[in-house]
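**Q** My structure is stored as start_19.txt, with compact mmCIF, C-alpha atoms.
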# COMPACT_ATOMS: atom_id res chain seq x y z
CA MET A 1 0.00 0.00 0.00
CA GLN A 2 1.37 3.40 -0.97
CA HIS A 3 1.36 6.33 1.44
CA GLY A 4 0.60 9.42 -0.61
CA PRO A 5 0.15 12.97 0.66
CA LEU A 6 -3.54 12.34 1.48
CA VAL A 7 -2.52 9.97 4.29
CA THR A 8 -1.34 12.98 6.30
CA PHE A 9 -4.78 14.62 6.09
CA GLY A 10 -6.21 12.60 8.97
CA ARG A 11 -9.98 13.02 9.20
CA TYR A 12 -9.84 15.38 6.22
CA ALA A 13 -8.58 12.60 3.89
CA GLY A 14 -12.16 11.68 2.96
CA PRO A 15 -13.27 15.24 2.09
CA ALA A 16 -9.94 15.81 0.29
CA THR A 17 -10.48 12.71 -1.88
CA LEU A 18 -14.00 13.87 -2.75
CA ILE A 19 -12.75 17.35 -3.66
CA LEU A 20 -9.93 16.01 -5.85
CA SER A 21 -12.35 13.63 -7.54
CA SER A 22 -14.74 16.50 -8.21
CA LEU A 23 -11.97 18.66 -9.67
CA ALA A 24 -10.75 15.81 -11.88
CA ASP A 25 -13.10 16.96 -14.67
CA GLY A 26 -12.42 20.68 -14.38
CA ALA A 27 -12.19 23.75 -12.15
CA LYS A 28 -14.99 24.49 -9.66
CA HIS A 29 -15.65 27.03 -6.90
CA GLY A 30 -16.80 26.16 -3.38
CA TYR A 31 -20.55 25.91 -3.93
CA ALA A 32 -20.17 24.05 -7.24
CA LEU A 33 -17.88 21.57 -5.45
CA THR A 34 -20.48 21.06 -2.70
CA LYS A 35 -23.26 20.38 -5.20
CA ASP A 36 -21.13 18.12 -7.42
CA ILE A 37 -19.92 16.03 -4.48
CA GLU A 38 -23.47 15.77 -3.17
CA GLN A 39 -24.54 14.48 -6.57
CA PHE A 40 -21.85 11.84 -7.21
CA ALA A 41 -21.10 10.74 -3.62
CA ALA A 42 -24.36 11.53 -1.76
CA VAL A 43 -22.27 13.43 0.80
CA ARG A 44 -22.90 17.07 1.69
CA LEU A 45 -19.64 18.66 2.82
CA ALA A 46 -20.26 21.40 5.40
CA PRO A 47 -18.64 24.76 4.48
CA GLY A 48 -16.02 24.70 7.25
CA THR A 49 -14.96 21.16 6.39
CA LEU A 50 -14.82 21.97 2.68
CA TYR A 51 -12.56 24.98 3.17
CA GLU A 52 -10.33 23.29 5.74
CA ALA A 53 -9.72 20.50 3.21
CA LEU A 54 -9.27 23.04 0.37
CA SER A 55 -6.67 25.00 2.34
CA ARG A 56 -4.75 21.80 3.16
CA LEU A 57 -4.87 20.65 -0.47
CA GLU A 58 -3.69 24.07 -1.62
CA GLY A 59 -0.92 24.08 1.01
CA GLN A 60 0.31 20.71 -0.30
CA GLY A 61 0.24 21.97 -3.89
CA LEU A 62 -2.40 19.41 -4.92
CA ILE A 63 -4.83 22.09 -6.13
CA VAL A 64 -4.39 25.68 -7.16
CA ALA A 65 -6.74 28.70 -7.18
CA VAL A 66 -7.61 29.94 -10.65
CA PRO A 67 -7.37 33.73 -11.07
CA SER A 68 -10.88 35.14 -11.25
CA ASP A 69 -12.64 38.50 -11.11
CA ASP A 70 -15.48 36.84 -9.24
CA ARG A 71 -15.51 36.70 -5.42
CA ARG A 72 -16.11 32.94 -5.79
CA ARG A 73 -12.65 31.65 -6.58
CA PRO A 74 -12.47 28.40 -8.59
CA TYR A 75 -9.87 25.72 -7.90
CA GLN A 76 -8.27 23.25 -10.26
CA LEU A 77 -6.22 20.10 -9.90
CA THR A 78 -2.43 20.30 -10.30
CA ALA A 79 -0.29 17.53 -11.80
CA ALA A 80 0.78 16.55 -8.27
CA GLY A 81 -2.88 16.49 -7.23
CA ALA A 82 -3.82 14.25 -10.16
CA GLN A 83 -0.99 11.87 -9.27
CA ALA A 84 -1.95 11.83 -5.57
CA LEU A 85 -5.61 11.17 -6.42
CA ARG A 86 -4.70 8.38 -8.85
CA ALA A 87 -2.48 6.67 -6.24
CA HIS A 88 -5.07 7.09 -3.47
CA LEU A 89 -7.94 5.74 -5.58
CA ALA A 90 -5.79 2.81 -6.74
CA ASP A 91 -5.15 1.96 -3.07
CA GLN A 92 -8.86 2.20 -2.30
CA ARG A 93 -9.68 0.04 -5.32
CA ARG A 94 -7.28 -2.67 -4.10
CA VAL A 95 -8.96 -2.63 -0.68
CA ALA A 96 -12.41 -2.74 -2.27
CA GLU A 97 -11.39 -5.64 -4.54
CA VAL A 98 -10.04 -7.67 -1.61
CA GLY A 99 -13.19 -7.02 0.42
CA LEU A 100 -15.53 -7.92 -2.46
CA ARG A 101 -13.54 -11.07 -3.33
CA ARG A 102 -13.65 -12.33 0.27
CA LEU A 103 -17.32 -11.46 0.61
CA SER A 104 -18.07 -13.32 -2.56
CA LYS A 105 -16.06 -16.37 -1.45
CA THR A 106 -17.66 -16.65 1.99
CA TRP A 107 -21.11 -15.16 1.50
CA GLY A 108 -21.69 -15.74 -2.20
CA SER A 109 -22.58 -13.18 -4.83
CA ALA A 110 -25.34 -10.69 -4.07
CA MET B 1 -19.34 30.11 -13.43
CA SER B 2 -22.73 30.60 -11.78
CA ARG B 3 -23.90 30.06 -8.25
CA ALA B 4 -25.74 26.88 -9.19
CA GLY B 5 -29.15 26.66 -7.56
CA ALA B 6 -28.52 29.58 -5.16
CA PRO B 7 -31.46 31.99 -5.09
CA GLY B 8 -30.78 35.69 -4.97
CA ALA B 9 -32.31 36.04 -1.48
CA ALA B 10 -28.90 35.01 -0.17
CA ASP B 11 -27.57 38.50 -0.89
CA SER B 12 -29.84 40.12 1.72
CA PRO B 13 -28.07 42.39 4.22
CA ALA B 14 -29.14 40.11 7.07
CA ALA B 15 -27.52 37.08 5.40
CA ARG B 16 -24.33 39.03 4.73
CA ARG B 17 -24.22 40.09 8.39
CA ARG B 18 -24.60 36.47 9.50
CA ALA B 19 -21.86 35.36 7.10
CA ARG B 20 -19.56 38.10 8.42
CA ARG B 21 -20.28 37.07 12.01
CA LEU B 22 -19.42 33.45 11.24
CA LEU B 23 -16.23 34.50 9.47
CA ARG B 24 -14.98 36.17 12.67
CA TRP B 25 -14.29 32.71 14.12
CA TYR B 26 -11.40 32.43 11.66
CA PRO B 27 -8.05 34.20 12.19
CA PRO B 28 -7.37 37.41 10.22
CA SER B 29 -4.75 35.80 7.95
CA TRP B 30 -7.22 33.07 6.96
CA ARG B 31 -9.94 35.66 6.33
CA ARG B 32 -7.59 37.66 4.12
CA ARG B 33 -6.92 34.59 1.97
CA TYR B 34 -10.29 32.80 1.93
CA GLY B 35 -12.74 35.29 3.49
CA ASP B 36 -14.49 36.59 0.33
CA GLU B 37 -14.99 33.23 -1.33
CA PHE B 38 -15.97 31.54 1.95
CA ALA B 39 -18.57 34.27 2.58
CA GLU B 40 -19.98 33.62 -0.90
CA LEU B 41 -20.23 29.91 -0.13
CA LEU B 42 -22.00 30.66 3.15
CA LEU B 43 -24.46 32.96 1.37
CA ALA B 44 -25.21 30.25 -1.19
CA GLU B 45 -25.70 27.71 1.59
CA MET B 46 -27.97 30.11 3.50
CA ALA B 47 -30.06 30.68 0.37
CA GLU B 48 -30.65 26.97 0.16
CA GLN B 49 -31.10 26.38 3.90
CA PRO B 50 -31.52 29.65 5.84
CA SER B 51 -30.89 28.19 9.29
CA SER B 52 -28.67 25.28 10.19
CA HIS B 53 -27.14 24.55 13.60
CA ARG B 54 -24.93 21.88 12.02
CA ARG B 55 -23.47 24.46 9.65
CA THR B 56 -22.90 26.98 12.45
CA VAL B 57 -21.16 24.41 14.65
CA ASN B 58 -19.08 23.22 11.69
CA VAL B 59 -17.91 26.75 10.83
CA ILE B 60 -17.13 27.59 14.47
CA GLY B 61 -15.20 24.33 14.95
CA ASN B 62 -13.15 24.76 11.80
CA GLY B 63 -12.59 28.45 12.57
CA LEU B 64 -11.14 27.54 15.96
CA LEU B 65 -9.05 24.82 14.30
CA ALA B 66 -7.69 27.45 11.88
CA ARG B 67 -6.77 29.63 14.87
CA LEU B 68 -4.96 26.72 16.54
CA THR B 69 -3.20 26.01 13.26
CA GLU B 70 -2.10 29.62 13.00
CA ALA B 71 -0.77 29.38 16.54
CA GLY B 72 1.31 26.37 15.50
CA LEU B 73 -0.69 24.00 17.72
CA THR B 74 -1.82 21.55 15.05
CA SER B 75 0.09 19.33 12.67
CA HIS B 76 -1.48 21.05 9.67
CA ASP B 77 1.41 22.60 7.77
CA LEU B 78 1.52 26.35 7.34
CA PRO B 79 4.32 27.73 5.18
CA GLN B 80 7.45 26.60 7.07
CA ALA B 81 8.72 30.00 8.21
CA ASP B 82 5.19 31.03 9.30
CA GLN B 83 4.70 27.77 11.17
CA MET B 84 7.97 28.21 13.02
CA ARG B 85 7.18 31.82 13.89
CA ALA B 86 3.64 30.92 14.99
CA ALA B 87 4.83 28.05 17.15
CA LEU B 88 7.55 30.25 18.67
CA ALA B 89 4.97 32.94 19.49
CA THR B 90 2.64 30.40 21.14
CA LEU B 91 5.54 28.92 23.03
CA GLY B 92 6.54 32.38 24.25
CA CYS B 93 2.99 33.14 25.48
CA ALA B 94 2.69 29.79 27.25
CA LEU B 95 6.07 30.25 28.91
CA ALA B 96 5.15 33.82 29.94
CA ALA B 97 2.03 32.52 31.74
CA PHE B 98 4.05 29.66 33.18
CA GLY B 99 6.81 32.02 34.31
CA ALA B 100 4.40 34.45 36.01
CA PHE B 101 3.04 31.72 38.28
CA ALA B 102 6.49 30.22 38.87
CA VAL B 103 7.85 33.62 39.91
CA ALA B 104 4.85 34.16 42.21
CA MET B 105 5.55 30.85 43.96
CA LEU B 106 9.26 31.56 44.21
CA ALA B 107 8.54 35.03 45.62
CA GLN B 108 6.30 33.50 48.30
CA LEU B 109 8.95 30.94 49.25
CA ALA B 110 11.78 33.49 49.16
CA THR B 111 9.82 35.75 51.52
CA GLY B 112 9.41 32.86 53.92
CA TRP B 113 13.15 32.12 53.87
CA GLN B 114 13.87 35.71 54.86
CA TRP B 115 12.17 35.05 58.19
CA THR B 116 12.90 31.44 58.96
CA SER B 117 14.18 28.15 57.60
CA PRO B 118 11.54 25.85 56.09
CA GLN B 119 10.69 22.92 58.31
CA SER B 120 9.99 20.51 55.48
CA GLY B 121 12.27 18.93 52.91
CA SER B 122 9.65 19.51 50.20
CA ALA B 123 9.71 23.28 50.72
CA THR B 124 13.51 23.31 50.81
CA ALA B 125 13.87 21.20 47.65
CA GLY B 126 11.04 23.08 45.94
CA THR B 127 12.63 26.47 46.64
CA LEU B 128 16.10 25.44 45.48
CA ILE B 129 14.88 23.79 42.28
CA LEU B 130 12.51 26.69 41.55
CA ALA B 131 15.19 29.32 42.16
CA ALA B 132 17.75 27.64 39.90
CA ALA B 133 15.30 26.85 37.11
CA VAL B 134 13.58 30.27 37.17
CA ALA B 135 17.02 31.93 36.98
CA CYS B 136 17.76 29.81 33.88
CA LEU B 137 14.40 30.76 32.35
CA ALA B 138 15.03 34.46 33.00
CA LEU B 139 18.49 34.21 31.40
CA ILE B 140 17.07 32.43 28.34
CA GLY B 141 14.33 35.08 28.08
CA ALA B 142 16.86 37.90 28.23
CA VAL B 143 19.20 36.46 25.56
CA ALA B 144 16.16 35.82 23.33
CA VAL B 145 14.69 39.32 23.65
CA ILE B 146 17.93 41.29 23.14
CA PRO B 147 18.56 40.38 19.46
CA VAL B 148 14.83 40.64 18.62
CA ALA B 149 14.69 44.13 20.19
CA TRP B 150 17.82 45.19 18.29
CA LEU B 151 16.49 43.86 14.98
CA THR B 152 13.10 45.50 15.59
CA ALA B 153 14.70 48.87 16.33
CA ARG B 154 16.72 48.63 13.11
CA ALA B 155 13.65 47.61 11.08
CA ILE B 156 11.62 50.53 12.48
CA ALA B 157 14.49 52.91 11.75
CA ALA B 158 14.49 51.53 8.19
CA GLY B 159 10.81 52.50 7.86
CA GLN B 160 8.88 49.31 8.67
CA ALA B 161 5.84 51.08 10.12
CA ARG B 162 3.86 47.88 10.82
CA LEU B 163 6.28 47.11 13.65
CA VAL B 164 5.76 50.43 15.44
CA ARG B 165 2.49 49.59 17.22
CA PRO B 166 3.46 46.12 18.52
CA ALA B 167 6.91 47.39 19.55
CA ALA B 168 5.31 50.36 21.32
CA LEU B 169 2.84 48.03 23.07
CA ALA B 170 5.67 45.79 24.29
CA GLY B 171 7.82 48.78 25.31
CA VAL B 172 5.10 50.72 27.14
CA SER B 173 3.84 47.56 28.89
CA THR B 174 7.38 46.71 29.99
CA ALA B 175 7.84 50.25 31.33
CA VAL B 176 4.54 50.06 33.25
CA LEU B 177 5.52 46.68 34.67
CA VAL B 178 8.98 47.81 35.75
CA VAL B 179 7.98 51.21 37.16
CA GLY B 180 4.93 49.81 38.98
CA THR B 181 6.90 46.89 40.37
CA ARG B 182 9.72 49.16 41.56
CA HIS B 183 7.16 51.33 43.33
CA PHE B 184 5.27 48.53 45.06
CA GLN B 185 8.30 46.44 45.98
CA ASN B 186 8.83 48.86 48.88
CA GLY B 187 6.02 47.02 50.64
CA TRP B 188 7.82 43.68 50.42
CA PRO B 189 7.04 41.63 53.56
CA GLY B 190 10.54 40.10 53.58
CA THR B 191 12.07 43.35 54.81
CA GLY B 192 12.99 43.25 58.46
CA GLY B 193 13.35 39.52 58.76
CA THR B 194 15.57 38.50 61.61
CA GLY B 195 16.44 34.95 60.63
CA ALA B 196 17.73 35.55 57.14
CA HIS B 197 20.30 32.78 57.30
CA HIS B 198 19.16 31.00 54.16
CA VAL B 199 18.75 33.67 51.53
CA VAL B 200 18.32 31.80 48.26
CA VAL B 201 17.10 34.82 46.33
CA PRO B 202 18.76 38.22 46.90
CA GLY B 203 16.40 40.59 48.72
CA GLY B 204 16.03 43.08 45.86
CA LEU B 205 15.15 40.36 43.38
CA ALA B 206 12.76 38.68 45.80
CA ALA B 207 11.00 42.00 46.39
CA PHE B 208 10.79 42.64 42.64
CA ALA B 209 9.39 39.16 42.02
CA TRP B 210 6.85 39.63 44.82
CA ALA B 211 5.64 43.03 43.61
CA SER B 212 5.43 41.97 39.96
CA THR B 213 3.18 39.02 40.84
CA LEU B 214 0.97 40.59 43.50
CA SER B 215 -1.99 39.69 41.31
CA VAL B 216 -1.42 35.97 41.92
CA SER B 217 -3.34 36.05 45.17
CA SER B 218 -6.14 34.24 46.94
CA TYR B 219 -7.45 37.61 48.15
CA TRP B 220 -9.46 37.81 44.91
CA VAL B 221 -11.92 35.31 46.39
CA HIS B 222 -12.08 37.29 49.66
CA PRO B 223 -13.46 40.67 48.57
CA GLY B 224 -13.99 41.78 52.18
CA LEU B 225 -10.28 41.44 52.95
CA LEU B 226 -9.29 42.87 49.59
CA ALA B 227 -11.36 45.99 50.28
CA GLN B 228 -9.11 46.73 53.27
CA PHE B 229 -6.05 46.98 51.01
CA PRO B 230 -4.88 50.44 49.90
CA LEU B 231 -6.62 51.33 46.64
CA PRO B 232 -3.37 51.82 44.64
CA GLU B 233 -2.27 48.29 45.62
CA VAL B 234 -5.56 46.75 44.45
CA ALA B 235 -5.29 48.77 41.24
CA TRP B 236 -1.77 47.41 40.73
CA MET B 237 -3.00 43.85 41.34
CA ALA B 238 -5.47 44.37 38.49
CA ALA B 239 -3.15 46.32 36.19
CA SER B 240 0.05 44.26 36.43
CA PRO B 241 -1.34 41.15 34.64
CA LEU B 242 -2.63 43.43 31.88
CA ALA B 243 0.85 44.91 31.56
CA LEU B 244 2.36 41.42 31.39
CA ALA B 245 -0.21 40.46 28.73
CA GLY B 246 0.73 43.64 26.84
CA VAL B 247 4.41 42.66 26.88
CA ALA B 248 3.59 39.15 25.61
CA ALA B 249 1.11 40.35 22.96
CA GLY B 250 3.52 43.04 21.71
CA LEU B 251 6.41 40.58 21.44
CA VAL B 252 4.23 37.99 19.71
CA MET B 253 3.10 40.51 17.11
CA VAL B 254 6.68 41.67 16.59
CA VAL B 255 7.91 38.11 16.01
CA ARG B 256 5.00 37.44 13.63
CA ARG B 257 5.64 40.63 11.61
CA LEU B 258 9.41 40.91 11.76
CA ASP B 259 11.45 39.60 8.87
CA VAL B 260 13.59 37.32 11.04
CA PRO B 261 16.78 36.07 9.34
CA ALA B 262 17.06 32.26 9.18
CA ARG B 263 20.08 32.30 11.50
CA LEU B 264 18.24 34.25 14.20
CA LEU B 265 15.20 32.01 13.76
CA ARG B 266 17.40 28.96 14.41
CA TYR B 267 18.90 30.68 17.47
CA LEU B 268 15.44 31.53 18.84
CA THR B 269 14.31 27.97 18.15
CA LEU B 270 17.18 26.55 20.19
CA LEU B 271 16.42 28.95 23.05
CA ALA B 272 12.71 28.08 22.91
CA LEU B 273 13.46 24.38 23.11
CA ALA B 274 15.89 24.96 25.98
CA ALA B 275 13.27 27.04 27.82
CA SER B 276 10.68 24.28 27.38
CA LEU B 277 13.08 21.76 28.87
CA VAL B 278 14.00 24.05 31.78
CA ALA B 279 10.30 24.58 32.52
CA VAL B 280 9.99 20.89 33.42
CA PRO B 281 12.17 21.13 36.59
CA VAL B 282 10.37 24.38 37.48
CA LEU B 283 7.10 22.43 37.53
CA VAL B 284 8.77 19.60 39.45
CA GLY B 285 10.06 22.09 42.04
CA ALA B 286 6.65 23.74 42.38
CA ALA B 287 4.89 20.38 42.65
CA SER B 288 7.45 19.20 45.19
CA TRP B 289 6.46 22.08 47.45
CA VAL B 290 2.69 22.25 46.82
CA LEU B 291 2.01 18.51 46.83
CA GLY B 292 4.77 17.43 49.21
CA HIS B 293 3.93 19.80 52.03
CA GLY B 294 1.91 17.95 54.64
CA PRO B 295 -1.65 19.05 55.42
CA GLY B 296 -2.33 21.03 58.54
CA GLN B 297 1.13 22.60 58.70
CA ALA B 298 0.90 26.30 59.20
CA GLY B 299 3.49 28.95 58.71
CA LEU B 300 5.14 30.90 55.95
CA PHE B 301 5.71 27.83 53.78
CA ARG B 302 2.18 26.50 53.82
CA PRO B 303 0.89 26.26 50.23
CA GLY B 304 -2.55 27.76 49.73
CA LEU B 305 -5.40 27.31 47.27
CA VAL B 306 -3.82 29.83 44.93
CA ASN B 307 -0.68 27.68 44.77
CA GLY B 308 -2.72 24.59 43.84
CA ALA B 309 -4.51 26.59 41.13
CA GLY B 310 -1.14 27.98 40.02
CA LEU B 311 0.23 24.47 39.71
CA VAL B 312 -2.67 23.45 37.45
CA ILE B 313 -2.19 26.55 35.27
CA MET B 314 1.56 25.93 35.07
CA ALA B 315 1.00 22.30 34.05
CA THR B 316 -1.49 23.39 31.37
CA ALA B 317 0.84 26.10 30.09
CA LEU B 318 3.71 23.60 29.97
CA VAL B 319 1.63 21.15 27.91
CA VAL B 320 0.82 23.97 25.45
CA ALA B 321 4.50 25.02 25.40
CA LEU B 322 5.74 21.47 24.75
CA ARG B 323 3.14 21.03 22.01
CA ALA B 324 4.28 24.30 20.42
CA ALA B 325 7.90 23.17 20.81
CA SER B 326 7.10 20.02 18.85
CA GLY B 327 5.56 22.31 16.18
CA VAL B 328 8.83 24.29 16.11
CA LEU B 329 10.77 21.04 15.68
CA ARG B 330 8.47 19.84 12.90
CA ALA B 331 8.91 23.11 11.02
CA ARG B 332 12.64 23.01 11.60
CA GLN B 333 12.92 19.47 10.24
CA SER B 334 10.91 20.34 7.16
CA VAL B 335 13.15 23.37 6.58
CA SER B 336 16.32 21.29 6.84
CA ALA B 337 14.94 18.21 4.99
CA PRO B 338 16.21 17.82 1.40
CA PRO B 339 13.54 18.30 -1.28
CA ALA B 340 11.71 15.13 -2.33
CA PRO B 341 12.87 13.70 -5.68
CA SER B 342 10.51 14.46 -8.50
CA PRO B 343 8.67 11.46 -9.97
Can you dump the structure from the file as structure tokens?

**A**
Amino acid sequence: MQHGPLVTFGRYAGPATLILSSLADGAKHGYALTKDIEQFAAVRLAPGTLYEALSRLEGQGLIVAVPSDDRRRPYQLTAAGAQALRAHLADQRRVAEVGLRRLSKTWGSA
Amino acid sequence: MSRAGAPGAADSPAARRRARRLLRWYPPSWRRRYGDEFAELLLAEMAEQPSSHRRTVNVIGNGLLARLTEAGLTSHDLPQADQMRAALATLGCALAAFGAFAVAMLAQLATGWQWTSPQSGSATAGTLILAAAVACLALIGAVAVIPVAWLTARAIAAGQARLVRPAALAGVSTAVLVVGTRHFQNGWPGTGGTGAHHVVVPGGLAAFAWASTLSVSSYWVHPGLLAQFPLPEVAWMAASPLALAGVAAGLVMVVRRLDVPARLLRYLTLLALAASLVAVPVLVGAASWVLGHGPGQAGLFRPGLVNGAGLVIMATALVVALRAASGVLRARQSVSAPPAPSP
């Protein structure tokens, strides 16, 4: 199992993964992120949690703010962020595959 | 990019006021960076759901977390130099609070020694350990402040106006503390002692320590007795902690705003770590006296309620200081660590 930068996020690793996943298809500002994440993950990130995770991701260089005249500043993924997300999701997929395989072996297919 | 699904009612003055109120939970530096966009997010959220306790609690909790982060008390990485400065400032404040109570205890013990020898080993050991360790702390404080004061004076002379107010606050507060202490130390109860065979703290210093920490007193919970004190003395008991807070706040703001050279930052870091380590025997000495002194023993060396409370405050301040010291070390390691190889 790899230990990418998201491992150091503690309880913000989950929100950070959701944010990176949301930004994987393009830049979004805070409210657009909230709505997108709610749609694809059925999770509503509270504003404080969202911005704490955003500031950590920005501090680690995994996302970057896009210059904007609007007060709502959009963020986009950096190359390091894309790499970190890919590694993190690959780890999660391995865990999911092991869990599903064992479930299937012992409990049968759903 | 539009505010998807956010009705215009969110822009009402009342909603903006609520968003501004919530933003105040965050530290100024955070508000400068994220304040506008975060307020917009809050307005959009309020348009969708006008009232939400969960949202309020979430914002308050994360705002306080951001303040702790800025103070260098969390593992969340600020820019390295900022993190080191923040942790140093927190450490300085914690040690100032710790030092005030340590000095108050030492002053009480030193006064007792002027009159008679302590009858218990705990008071003897406590006094000796406290005296030695507090002297070390004072020395470390002095050699830390001197270069910072010199650098600040040079920066102000070079036109850095943002340092003027914090430097003035620290300077004026120090002057108030010194002048007031010098005035009130004339009332030191150690004067006139007949059995001064075991002077562990020179009389002048003991009197200064006593007068500067008059506010650390159990008389606060006995208003009837306090009312019998001369009014200027009560006023000094109230004003001296404010002056001490002014010194600490001024120095903290100076360290946060001053462009500290890396070499001086390393020097201050070493001193801060040394001070944190020296604070441990101070607490041991204080605990040795307060906890080791048997119940029911009267006299000059009998620890009171205020000493027990002081011990708790010192222990808390030391935990904060050690936590900040670990933040300093983390920042120092990340400064000295070689850059990670690129993939």

**Q** Fewer than 3 positions away in the same chain doesn't count, so skip those; otherwise give me all residues within 7 Å of region 58-66 of chain B, counting all atoms listed in the file, as number ranges by chain.

**A** A: 46-49, 52; B: 22, 25-27, 54-55, 69-70

**Q** Could you check the closest approach to Arg86 (chain A) for each of A:Ala53, A:Asp70, A:Leu6, A:Leu33 and tell me which residue wins, using all atoms listed in the file?

**A** A:Leu6

**Q** Which residues, written as an mmCIF file with C-alpha atoms, in the frame of the given file, have at least one atom at most 7 Å from region 176-184 of chain B, with all atoms listed in the file counted and residues fewer than 3 positions away on the same chain left out?

**A**
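Ended up saving to selection.cif:
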data_model
loop_
_atom_site.group_PDB
_atom_site.id
_atom_site.type_symbol
_atom_site.label_atom_id
_atom_site.label_comp_id
_atom_site.auth_asym_id
_atom_site.auth_seq_id
_atom_site.Cartn_x
_atom_site.Cartn_y
_atom_site.Cartn_z
ATOM 1 C CA VAL B 172 5.100 50.720 27.140
ATOM 2 C CA SER B 173 3.840 47.560 28.890
ATOM 3 C CA GLY B 187 6.020 47.020 50.640
ATOM 4 C CA PHE B 208 10.790 42.640 42.640
ATOM 5 C CA ALA B 211 5.640 43.030 43.610
ATOM 6 C CA SER B 212 5.430 41.970 39.960
ATOM 7 C CA SER B 240 0.050 44.260 36.430
ATOM 8 C CA ALA B 243 0.850 44.910 31.560
ATOM 9 C CA LEU B 244 2.360 41.420 31.390
#

**Q** Restricting the calculation to all atoms listed in the file, which member of A:Ala87, A:Ala16, A:Ala96, A:Val7 is positioned closest to Ser55 (chain A)?

**A** A:Ala16

**Q** With distances taken over all atoms listed in the file, which residue among A:Gly10, A:Pro15, A:Gly30, A:Pro5 lies nearest Ala65 (chain A)?

**A**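 Closest to Ala65 (chain A), using all atoms listed in the file: A:Gly30.
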
**Q** Can you tell me, as a list in words, what residues are no more than 9 Å from Arg56 (chain A) when counting only C-alpha atoms, ignoring any on the same chain fewer than 2 positions away?

**A**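 These residues fall inside the cut-off: Phe9, Tyr12, Ala16, Tyr51, Glu52, Ala53, Leu54, Glu58, Gly59, Gln60, Gly61 and Leu62 of chain A; His76, Asp77 and Leu78 of chain B.
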
**Q** CA of Val103 (chain B) and CA of Leu277 (chain B), how far apart in Å?

**A**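 Interatomic distance here is 17.0 Å.
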
**Q** Go through B:Thr174, B:Ser215, B:Ser51, B:Thr56 one by one, measure the shortest atom-to-atom distance of each to chain A using all atoms listed in the file, and give the residue with the smallest value.

**A**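 Of the candidates, the smallest distance to chain A is held by B:Thr56.
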
**Q** Looking at only C-alpha atoms, which of B:Val164, B:Leu41, B:Ala209, B:Arg67 is the one that sits closest to Pro28 (chain B)?

**A**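 The answer is B:Arg67, which sits nearest to Pro28 (chain B).
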
**Q** Kindly provide, as a list in words, the residues of chain A having any atom no farther than 6 Å from an atom of chain B, counting all atoms listed in the file.

**A**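 Residues of chain A within 6 Å of chain B, counting all atoms listed in the file: Tyr31, Gly48, Arg71, Arg72 and Arg73 of chain A.
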
**Q** Mind writing the picked residues with C-alpha atoms as an mmCIF file, in the frame of the given file?

**A**
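File again_15.cif, as written:
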data_model
loop_
_atom_site.group_PDB
_atom_site.id
_atom_site.type_symbol
_atom_site.label_atom_id
_atom_site.label_comp_id
_atom_site.auth_asym_id
_atom_site.auth_seq_id
_atom_site.Cartn_x
_atom_site.Cartn_y
_atom_site.Cartn_z
ATOM 1 C CA TYR A 31 -20.550 25.910 -3.930
ATOM 2 C CA GLY A 48 -16.020 24.700 7.250
ATOM 3 C CA ARG A 71 -15.510 36.700 -5.420
ATOM 4 C CA ARG A 72 -16.110 32.940 -5.790
ATOM 5 C CA ARG A 73 -12.650 31.650 -6.580
#

**Q** Between B:Met46, B:Leu23, B:Ile156, B:Leu214, which is the closest to Met237 (chain B) once you count only C-alpha atoms?

**A** B:Leu214

**Q** So what do you get for CA of Ala27 (chain A) versus CA of Arg32 (chain B), distance-wise?

**A**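 CA of Ala27 (chain A) sits 21.9 Å away from CA of Arg32 (chain B).
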
**Q** Using only C-alpha atoms, which residues sit within 7 Å of Val66 (chain A) once same-chain residues fewer than 4 positions away are excluded, as a list in words?

**A**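 Close residues of Val66 (chain A): Arg73, Pro74, Tyr75 and Gln76 of chain A.
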